[in-house]
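Scroll down for the structure; my scribbles are underneath it.
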Amino acid sequence: MTDRKDALATALIHHPYVAPPEFDALPPGIFKASTVFFPNVAATRSRRWDDKSGYTYGLHGTPTTFTLEARLATLEGAHHVLLVPSGLSAITLVDMALLSAGDEVLLPDNVYGPSRSFAAHELKQWGIAYRLYDPMDPASLVAALNEKTKLVWLEAPGSVTLEFPDLRTLVREARAHAPQAVVALDNTWGAGIAFNAFDLGEGQAVDVTVHALTKYPSGGADVLMGSVACRDDALHQRLAWCHSRLGLGVGANDVEALLRGLPSLALRYAAQDVAGRHIAAWCAGRAEFVRVLHPALPDSPGHAHWAGLCSAAAGLVTVEFDPRTSVAQVDAFVDALRLFRIGWSWGGPVSLAVPYQPKAMRALATPYRGTLVRLCIGLEAVEDLVGDLAQALAGMADLPT
């Protein structure tokens, strides 16, 4: 005779009740699972996850992750999306899926720093070389392309210094001089809002985009996640199987947060775009700065390329201090900010400020001589942010004029 306690233990696990399926609401259901049940053994052999036609294991997708991937595909203008634990892991997944010993990868000189670091360390020790090119000079890209080039990375705009390249020409030159190469774009800044990387016009398109969902799609500065998007089925298969072999997965609660943030993405991007342009224009009128970098400013490098392609701009502004301003003075300026907090990332509700030394960020010649400060504009009132910048500048002692 089964003890009631034992019977309850089994019944609570194998309970016969199934909720009716008609429930409908705005938020999608949140499914948390490692094990996924199959109705029979035949299903374990026939079910596929790589085309999202079925579920096999939590790591390979649930209704929750498939829903986010489908919405991100719409955002990016792609057909396929894979979720990864961070924006950096999206970059490294592309590298590992598409490169082998003896191959070369090309990086823009203003590439996101950790991407270059991965190429200089892990890729190098695996026998994969990398070359740098000047993204503002297509001839520099052409000179670096050869038969070993299997992957070309683009950034629009460049990390920190925000130069906006001629994406159409760079893609065209890569296709002409290295047709075997995959062209990939870090599309975090554009966020799927500023332009469509899979339709750049004039018949040009990238093959792959990566996106740090940590930034604008989340919007709350509380989630780490990334995505890899493409249109080509065969390319997706290469990426998806590498994704599987690496065991990359994301948590259901983080996916829930992303799904909650997506409906307001366009509104938040637009608000930070307006605020960013306002602050960029204000900074351009300050004598302390010899250069203000923001693609919408006519004097910012690549402004014409941005204007010919984009409908919007992310809320990032980088200022270059007069070279006579000491590092200590710039640090004091950043420390004096009250609303701008010190920290990396962007796209969240809080404005951020971080100083950079340009020579430490570039291998090729750079026009920047003074210390840079990148401002990431949040959702505070723009006049309050301007007032914060003004009071911090006023507190700097012995500034050159």
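Convention: chains lettered A, B, ... in structure tokens order; per-chain residue numbering from 1; ligands numbered from 1 as shown.
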
How close does range 56-148 of chain A get to range 183-199 of chain A? List, as a Markdown table, each residue of range 56-148 of chain A within 10 Å, its nearest atom pair and the distance in Å to one decimal, counting only C-alpha atoms.
| residue | atom | partner | partner_atom | distance |
| --- | --- | --- | --- | --- |
| A:Leu72 | CA | A:Gly192 | CA | 8.7 |
| A:Ala73 | CA | A:Gly192 | CA | 9.5 |
| A:Thr74 | CA | A:Gly192 | CA | 8.8 |
| A:Leu75 | CA | A:Gly192 | CA | 5.3 |
| A:Glu76 | CA | A:Gly192 | CA | 4.8 |
| A:Gly77 | CA | A:Phe198 | CA | 6.2 |
| A:Ala78 | CA | A:Phe198 | CA | 7.0 |
| A:Gly87 | CA | A:Thr188 | CA | 8.4 |
| A:Ala90 | CA | A:Asp186 | CA | 9.3 |
| A:Ile91 | CA | A:Asp186 | CA | 8.0 |
| A:Val94 | CA | A:Ala184 | CA | 8.3 |
| A:Asp95 | CA | A:Ala184 | CA | 9.8 |
| A:Leu106 | CA | A:Val183 | CA | 9.7 |
| A:Val111 | CA | A:Asp186 | CA | 9.2 |
| A:Tyr112 | CA | A:Asp186 | CA | 8.9 |

Residues of the last selection are to be written out with C-alpha atoms, as an mmCIF file, in the first residue's frame.
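Printed below is part.cif as written:
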data_model
loop_
_atom_site.group_PDB
_atom_site.id
_atom_site.type_symbol
_atom_site.label_atom_id
_atom_site.label_comp_id
_atom_site.auth_asym_id
_atom_site.auth_seq_id
_atom_site.Cartn_x
_atom_site.Cartn_y
_atom_site.Cartn_z
ATOM 1 C CA LEU A 72 14.509 40.818 -33.182
ATOM 2 C CA ALA A 73 14.575 39.447 -36.729
ATOM 3 C CA THR A 74 11.838 41.944 -37.569
ATOM 4 C CA LEU A 75 13.785 44.723 -35.863
ATOM 5 C CA GLU A 76 17.023 43.934 -37.735
ATOM 6 C CA GLY A 77 15.403 43.134 -41.087
ATOM 7 C CA ALA A 78 16.804 39.595 -40.826
ATOM 8 C CA GLY A 87 27.155 41.583 -27.108
ATOM 9 C CA ALA A 90 27.835 37.650 -30.281
ATOM 10 C CA ILE A 91 31.078 38.924 -31.807
ATOM 11 C CA VAL A 94 30.721 34.952 -35.395
ATOM 12 C CA ASP A 95 34.522 34.772 -35.251
ATOM 13 C CA LEU A 106 39.774 42.445 -40.962
ATOM 14 C CA VAL A 111 36.667 48.703 -33.560
ATOM 15 C CA TYR A 112 35.143 47.894 -30.168
#

If we count only C-alpha atoms, what is near Ala101 in chain A at a cut-off of 12 Å, once residues fewer than 5 positions away on the same chain are taken out, given as a PDB file with N, CA and C atoms, in the first residue's frame?
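The file below, around.pdb, is the result:
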ATOM      1  N   ASP A  95      33.111  35.085 -34.981  1.00  0.00           N
ATOM      2  CA  ASP A  95      34.522  34.772 -35.251  1.00  0.00           C
ATOM      3  C   ASP A  95      34.762  33.262 -35.243  1.00  0.00           C
ATOM      4  N   MET A  96      34.283  32.590 -34.219  1.00  0.00           N
ATOM      5  CA  MET A  96      34.570  31.167 -34.068  1.00  0.00           C
ATOM      6  C   MET A  96      33.825  30.313 -35.090  1.00  0.00           C
ATOM      7  N   GLU A 122      42.989  35.146 -28.456  1.00  0.00           N
ATOM      8  CA  GLU A 122      42.423  33.836 -28.772  1.00  0.00           C
ATOM      9  C   GLU A 122      42.562  33.480 -30.255  1.00  0.00           C
ATOM     10  N   LEU A 123      42.155  34.395 -31.157  1.00  0.00           N
ATOM     11  CA  LEU A 123      42.250  34.061 -32.573  1.00  0.00           C
ATOM     12  C   LEU A 123      43.699  33.830 -32.995  1.00  0.00           C
ATOM     13  N   LYS A 124      44.587  34.641 -32.487  1.00  0.00           N
ATOM     14  CA  LYS A 124      46.004  34.482 -32.835  1.00  0.00           C
ATOM     15  C   LYS A 124      46.527  33.119 -32.402  1.00  0.00           C
ATOM     16  N   GLN A 125      46.186  32.687 -31.193  1.00  0.00           N
ATOM     17  CA  GLN A 125      46.712  31.404 -30.722  1.00  0.00           C
ATOM     18  C   GLN A 125      46.065  30.227 -31.453  1.00  0.00           C
ATOM     19  N   TRP A 126      44.953  30.472 -32.142  1.00  0.00           N
ATOM     20  CA  TRP A 126      44.320  29.444 -32.968  1.00  0.00           C
ATOM     21  C   TRP A 126      44.794  29.496 -34.420  1.00  0.00           C
ATOM     22  N   GLY A 127      45.778  30.349 -34.711  1.00  0.00           N
ATOM     23  CA  GLY A 127      46.324  30.423 -36.059  1.00  0.00           C
ATOM     24  C   GLY A 127      45.530  31.295 -37.001  1.00  0.00           C
ATOM     25  N   ILE A 128      44.751  32.218 -36.463  1.00  0.00           N
ATOM     26  CA  ILE A 128      43.934  33.136 -37.267  1.00  0.00           C
ATOM     27  C   ILE A 128      44.506  34.537 -37.114  1.00  0.00           C
ATOM     28  N   ALA A 129      44.858  35.161 -38.221  1.00  0.00           N
ATOM     29  CA  ALA A 129      45.471  36.488 -38.191  1.00  0.00           C
ATOM     30  C   ALA A 129      44.406  37.572 -38.332  1.00  0.00           C
ATOM     31  N   TYR A 130      44.742  38.768 -37.860  1.00  0.00           N
ATOM     32  CA  TYR A 130      43.842  39.899 -38.078  1.00  0.00           C
ATOM     33  C   TYR A 130      44.627  41.071 -38.619  1.00  0.00           C
ATOM     34  N   LYS A 148      43.062  35.179 -48.237  1.00  0.00           N
ATOM     35  CA  LYS A 148      42.910  34.587 -46.913  1.00  0.00           C
ATOM     36  C   LYS A 148      41.797  35.254 -46.089  1.00  0.00           C
ATOM     37  N   THR A 149      41.322  36.397 -46.562  1.00  0.00           N
ATOM     38  CA  THR A 149      40.297  37.129 -45.817  1.00  0.00           C
ATOM     39  C   THR A 149      38.985  36.359 -45.844  1.00  0.00           C
ATOM     40  N   LYS A 150      38.506  35.956 -44.684  1.00  0.00           N
ATOM     41  CA  LYS A 150      37.253  35.212 -44.606  1.00  0.00           C
ATOM     42  C   LYS A 150      36.162  35.975 -43.858  1.00  0.00           C
TER      43      LYS A 150
END

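For the atom pair formed by CA of Leu259 in chain A and CA of Glu22 in chain A, the distance is 21.0 Å, given to one decimal.
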
Asp254 in chain A: which residues within 12 Å, counting only C-alpha atoms, same-chain residues fewer than 5 positions away excluded, as a compact mmCIF listing (two decimals) with N, CA and C atoms, in the first residue's frame?
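File produced: out-v3.txt:
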# COMPACT_ATOMS: atom_id res chain seq x y z
N ILE A 30 6.31 32.90 -20.19
CA ILE A 30 7.72 32.72 -19.86
C ILE A 30 7.96 31.26 -19.54
N PHE A 31 8.68 30.58 -20.42
CA PHE A 31 8.94 29.16 -20.26
C PHE A 31 10.37 28.96 -19.77
N LYS A 32 10.51 28.28 -18.65
CA LYS A 32 11.82 27.98 -18.08
C LYS A 32 11.99 26.47 -18.11
N THR A 64 9.58 31.06 -25.41
CA THR A 64 9.95 32.42 -24.99
C THR A 64 11.13 32.93 -25.81
N THR A 65 12.19 32.13 -25.94
CA THR A 65 13.35 32.60 -26.70
C THR A 65 13.04 32.69 -28.18
N LEU A 68 11.33 36.03 -28.79
CA LEU A 68 12.25 37.16 -28.82
C LEU A 68 13.07 37.16 -30.10
N LEU A 83 20.27 34.05 -29.90
CA LEU A 83 20.51 34.79 -28.67
C LEU A 83 21.76 34.27 -27.99
N VAL A 84 22.56 35.17 -27.45
CA VAL A 84 23.80 34.82 -26.74
C VAL A 84 23.88 35.63 -25.46
N PRO A 85 24.79 35.28 -24.54
CA PRO A 85 24.79 35.91 -23.22
C PRO A 85 25.21 37.39 -23.19
N SER A 86 25.84 37.91 -24.24
CA SER A 86 26.28 39.32 -24.22
C SER A 86 26.57 39.76 -25.64
N LEU A 213 22.19 43.53 -27.05
CA LEU A 213 20.83 43.78 -26.55
C LEU A 213 20.85 44.40 -25.16
N THR A 214 22.00 44.33 -24.52
CA THR A 214 22.23 45.01 -23.24
C THR A 214 21.88 46.48 -23.33
N PRO A 217 17.73 47.67 -26.74
CA PRO A 217 16.56 46.79 -26.61
C PRO A 217 16.15 46.54 -25.17
N SER A 218 17.13 46.41 -24.28
CA SER A 218 16.80 46.27 -22.86
C SER A 218 16.27 47.59 -22.31
N GLY A 220 16.94 49.08 -19.67
CA GLY A 220 16.87 49.22 -18.22
C GLY A 220 18.20 49.11 -17.52
N ALA A 221 19.29 48.93 -18.28
CA ALA A 221 20.63 48.78 -17.70
C ALA A 221 20.68 47.63 -16.69
N ASP A 222 19.89 46.58 -16.96
CA ASP A 222 19.82 45.48 -16.00
C ASP A 222 19.90 44.10 -16.64
N VAL A 223 20.21 44.04 -17.93
CA VAL A 223 20.27 42.76 -18.64
C VAL A 223 21.53 42.71 -19.49
N LEU A 224 22.20 41.55 -19.48
CA LEU A 224 23.29 41.28 -20.40
C LEU A 224 22.82 40.26 -21.42
N MET A 225 22.86 40.63 -22.69
CA MET A 225 22.45 39.70 -23.74
C MET A 225 22.91 40.24 -25.08
N GLY A 226 23.07 39.36 -26.05
CA GLY A 226 23.43 39.78 -27.40
C GLY A 226 22.67 38.94 -28.42
N GLY A 249 23.63 29.92 -24.00
CA GLY A 249 22.23 30.01 -23.63
C GLY A 249 21.96 31.30 -22.87
N LEU A 259 11.76 41.27 -23.82
CA LEU A 259 10.44 41.34 -24.45
C LEU A 259 9.61 42.49 -23.89
N ARG A 260 9.82 42.80 -22.61
CA ARG A 260 9.12 43.93 -22.00
C ARG A 260 9.67 45.26 -22.51
N GLY A 261 10.98 45.29 -22.80
CA GLY A 261 11.59 46.54 -23.24
C GLY A 261 11.38 46.86 -24.71

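Distance annotation: of A:Phe333, A:Ala33, A:Val386, A:Asp232, the residue with the minimal separation from Asn253 in chain A is A:Ala33; atom set is only C-alpha atoms.
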
*Top pick for closest residue to Trp49 in chain A, considering A:Asp384, A:Pro138, A:Ala240, A:Ser159 and counting only C-alpha atoms*: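 The shortest atom-to-atom distance to Trp49 in chain A comes from A:Ala240.
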
*With a distance cut-off of 12 Å and only C-alpha atoms, select the neighbouring residues of Val160 in chain A, excluding the residue or stretch itself and same-chain residues fewer than 3 positions from it, and output the selection as a VMD selection string.*
chain A and resid 109 to 113 155 to 157 163 to 164 189 292 to 295 316 to 320 344 to 346 353 to 358 361 to 362 368 371 to 376

Take the residues from that selection and write them out as a JSON list (two decimals), in the first residue's frame, keeping N, CA and C atoms.
[["chain", "number", "residue", "atom", "x", "y", "z"],
["A", 109, "ASP", "N", 40.00, 50.14, -37.53],
["A", 109, "ASP", "CA", 40.90, 50.59, -36.47],
["A", 109, "ASP", "C", 40.14, 51.16, -35.28],
["A", 110, "ASN", "N", 38.90, 51.61, -35.50],
["A", 110, "ASN", "CA", 38.09, 52.13, -34.40],
["A", 110, "ASN", "C", 37.12, 51.08, -33.87],
["A", 111, "VAL", "N", 37.51, 49.81, -33.98],
["A", 111, "VAL", "CA", 36.67, 48.70, -33.56],
["A", 111, "VAL", "C", 36.49, 48.71, -32.04],
["A", 112, "TYR", "N", 35.40, 48.12, -31.59],
["A", 112, "TYR", "CA", 35.14, 47.89, -30.17],
["A", 112, "TYR", "C", 36.34, 47.16, -29.57],
["A", 113, "GLY", "N", 36.91, 47.71, -28.51],
["A", 113, "GLY", "CA", 38.18, 47.23, -27.98],
["A", 113, "GLY", "C", 38.23, 45.74, -27.67],
["A", 155, "GLU", "N", 31.93, 48.66, -38.34],
["A", 155, "GLU", "CA", 31.22, 49.33, -37.24],
["A", 155, "GLU", "C", 30.69, 50.66, -37.75],
["A", 156, "ALA", "N", 29.48, 50.98, -37.38],
["A", 156, "ALA", "CA", 28.89, 52.25, -37.82],
["A", 156, "ALA", "C", 28.02, 52.80, -36.69],
["A", 157, "PRO", "N", 28.52, 53.86, -36.04],
["A", 157, "PRO", "CA", 29.83, 54.49, -36.22],
["A", 157, "PRO", "C", 30.89, 53.74, -35.42],
["A", 163, "GLU", "N", 33.12, 57.93, -35.73],
["A", 163, "GLU", "CA", 33.24, 58.22, -37.16],
["A", 163, "GLU", "C", 32.26, 57.32, -37.92],
["A", 164, "PHE", "N", 31.53, 57.89, -38.87],
["A", 164, "PHE", "CA", 30.55, 57.09, -39.61],
["A", 164, "PHE", "C", 31.10, 56.78, -41.00],
["A", 189, "TRP", "N", 24.78, 50.39, -32.23],
["A", 189, "TRP", "CA", 24.47, 51.82, -32.26],
["A", 189, "TRP", "C", 23.19, 52.08, -33.05],
["A", 292, "VAL", "N", 33.79, 67.93, -31.25],
["A", 292, "VAL", "CA", 32.63, 67.22, -30.74],
["A", 292, "VAL", "C", 32.23, 66.20, -31.80],
["A", 293, "LEU", "N", 32.18, 64.95, -31.39],
["A", 293, "LEU", "CA", 31.93, 63.85, -32.32],
["A", 293, "LEU", "C", 30.51, 63.32, -32.13],
["A", 294, "HIS", "N", 29.72, 63.51, -33.15],
["A", 294, "HIS", "CA", 28.33, 63.03, -33.19],
["A", 294, "HIS", "C", 27.93, 63.05, -34.66],
["A", 295, "PRO", "N", 27.53, 61.92, -35.25],
["A", 295, "PRO", "CA", 27.33, 61.87, -36.70],
["A", 295, "PRO", "C", 26.39, 62.91, -37.28],
["A", 316, "LEU", "N", 24.73, 59.11, -28.19],
["A", 316, "LEU", "CA", 26.14, 59.10, -27.79],
["A", 316, "LEU", "C", 26.82, 60.35, -28.34],
["A", 317, "VAL", "N", 27.60, 60.98, -27.51],
["A", 317, "VAL", "CA", 28.36, 62.18, -27.89],
["A", 317, "VAL", "C", 29.75, 62.04, -27.28],
["A", 318, "THR", "N", 30.77, 62.24, -28.09],
["A", 318, "THR", "CA", 32.14, 62.23, -27.57],
["A", 318, "THR", "C", 32.76, 63.60, -27.77],
["A", 319, "VAL", "N", 33.36, 64.12, -26.71],
["A", 319, "VAL", "CA", 34.03, 65.43, -26.78],
["A", 319, "VAL", "C", 35.53, 65.23, -26.63],
["A", 320, "GLU", "N", 36.29, 66.05, -27.36],
["A", 320, "GLU", "CA", 37.75, 66.04, -27.24],
["A", 320, "GLU", "C", 38.17, 67.34, -26.56],
["A", 344, "TRP", "N", 30.50, 52.08, -17.85],
["A", 344, "TRP", "CA", 30.42, 51.68, -19.25],
["A", 344, "TRP", "C", 29.00, 51.24, -19.59],
["A", 345, "SER", "N", 28.79, 51.04, -20.87],
["A", 345, "SER", "CA", 27.51, 50.68, -21.48],
["A", 345, "SER", "C", 26.75, 51.96, -21.82],
["A", 346, "TRP", "N", 25.57, 51.80, -22.37],
["A", 346, "TRP", "CA", 24.70, 52.91, -22.74],
["A", 346, "TRP", "C", 23.33, 52.36, -23.14],
["A", 353, "ALA", "N", 29.31, 58.92, -18.28],
["A", 353, "ALA", "CA", 30.48, 59.60, -18.82],
["A", 353, "ALA", "C", 31.72, 58.78, -18.49],
["A", 354, "VAL", "N", 32.59, 58.61, -19.50],
["A", 354, "VAL", "CA", 33.84, 57.87, -19.32],
["A", 354, "VAL", "C", 34.94, 58.55, -20.13],
["A", 355, "PRO", "N", 36.11, 58.80, -19.53],
["A", 355, "PRO", "CA", 37.23, 59.37, -20.29],
["A", 355, "PRO", "C", 38.04, 58.29, -21.00],
["A", 356, "TYR", "N", 38.65, 58.67, -22.11],
["A", 356, "TYR", "CA", 39.48, 57.76, -22.90],
["A", 356, "TYR", "C", 40.73, 58.49, -23.38],
["A", 357, "GLN", "N", 41.81, 57.74, -23.52],
["A", 357, "GLN", "CA", 43.03, 58.27, -24.13],
["A", 357, "GLN", "C", 43.11, 57.74, -25.56],
["A", 358, "PRO", "N", 43.02, 58.61, -26.56],
["A", 358, "PRO", "CA", 42.91, 58.15, -27.95],
["A", 358, "PRO", "C", 44.09, 57.31, -28.42],
["A", 361, "MET", "N", 43.84, 53.68, -27.88],
["A", 361, "MET", "CA", 42.73, 53.00, -28.54],
["A", 361, "MET", "C", 43.00, 52.71, -30.01],
["A", 362, "ARG", "N", 44.03, 53.29, -30.59],
["A", 362, "ARG", "CA", 44.24, 53.20, -32.02],
["A", 362, "ARG", "C", 45.63, 52.66, -32.33],
["A", 368, "TYR", "N", 43.17, 62.63, -33.07],
["A", 368, "TYR", "CA", 42.79, 63.07, -31.74],
["A", 368, "TYR", "C", 44.02, 63.20, -30.85],
["A", 371, "THR", "N", 42.38, 64.47, -24.48],
["A", 371, "THR", "CA", 41.61, 63.42, -23.84],
["A", 371, "THR", "C", 40.16, 63.46, -24.32],
["A", 372, "LEU", "N", 39.60, 62.28, -24.56],
["A", 372, "LEU", "CA", 38.22, 62.16, -24.99],
["A", 372, "LEU", "C", 37.33, 61.80, -23.80],
["A", 373, "VAL", "N", 36.10, 62.28, -23.83],
["A", 373, "VAL", "CA", 35.09, 61.85, -22.86],
["A", 373, "VAL", "C", 33.85, 61.48, -23.65],
["A", 374, "ARG", "N", 33.43, 60.22, -23.50],
["A", 374, "ARG", "CA", 32.20, 59.80, -24.16],
["A", 374, "ARG", "C", 31.03, 60.01, -23.21],
["A", 375, "LEU", "N", 30.03, 60.71, -23.72],
["A", 375, "LEU", "CA", 28.80, 60.96, -22.97],
["A", 375, "LEU", "C", 27.69, 60.08, -23.54],
["A", 376, "CYS", "N", 27.07, 59.30, -22.69],
["A", 376, "CYS", "CA", 25.96, 58.46, -23.08],
["A", 376, "CYS", "C", 24.69, 59.06, -22.48]]
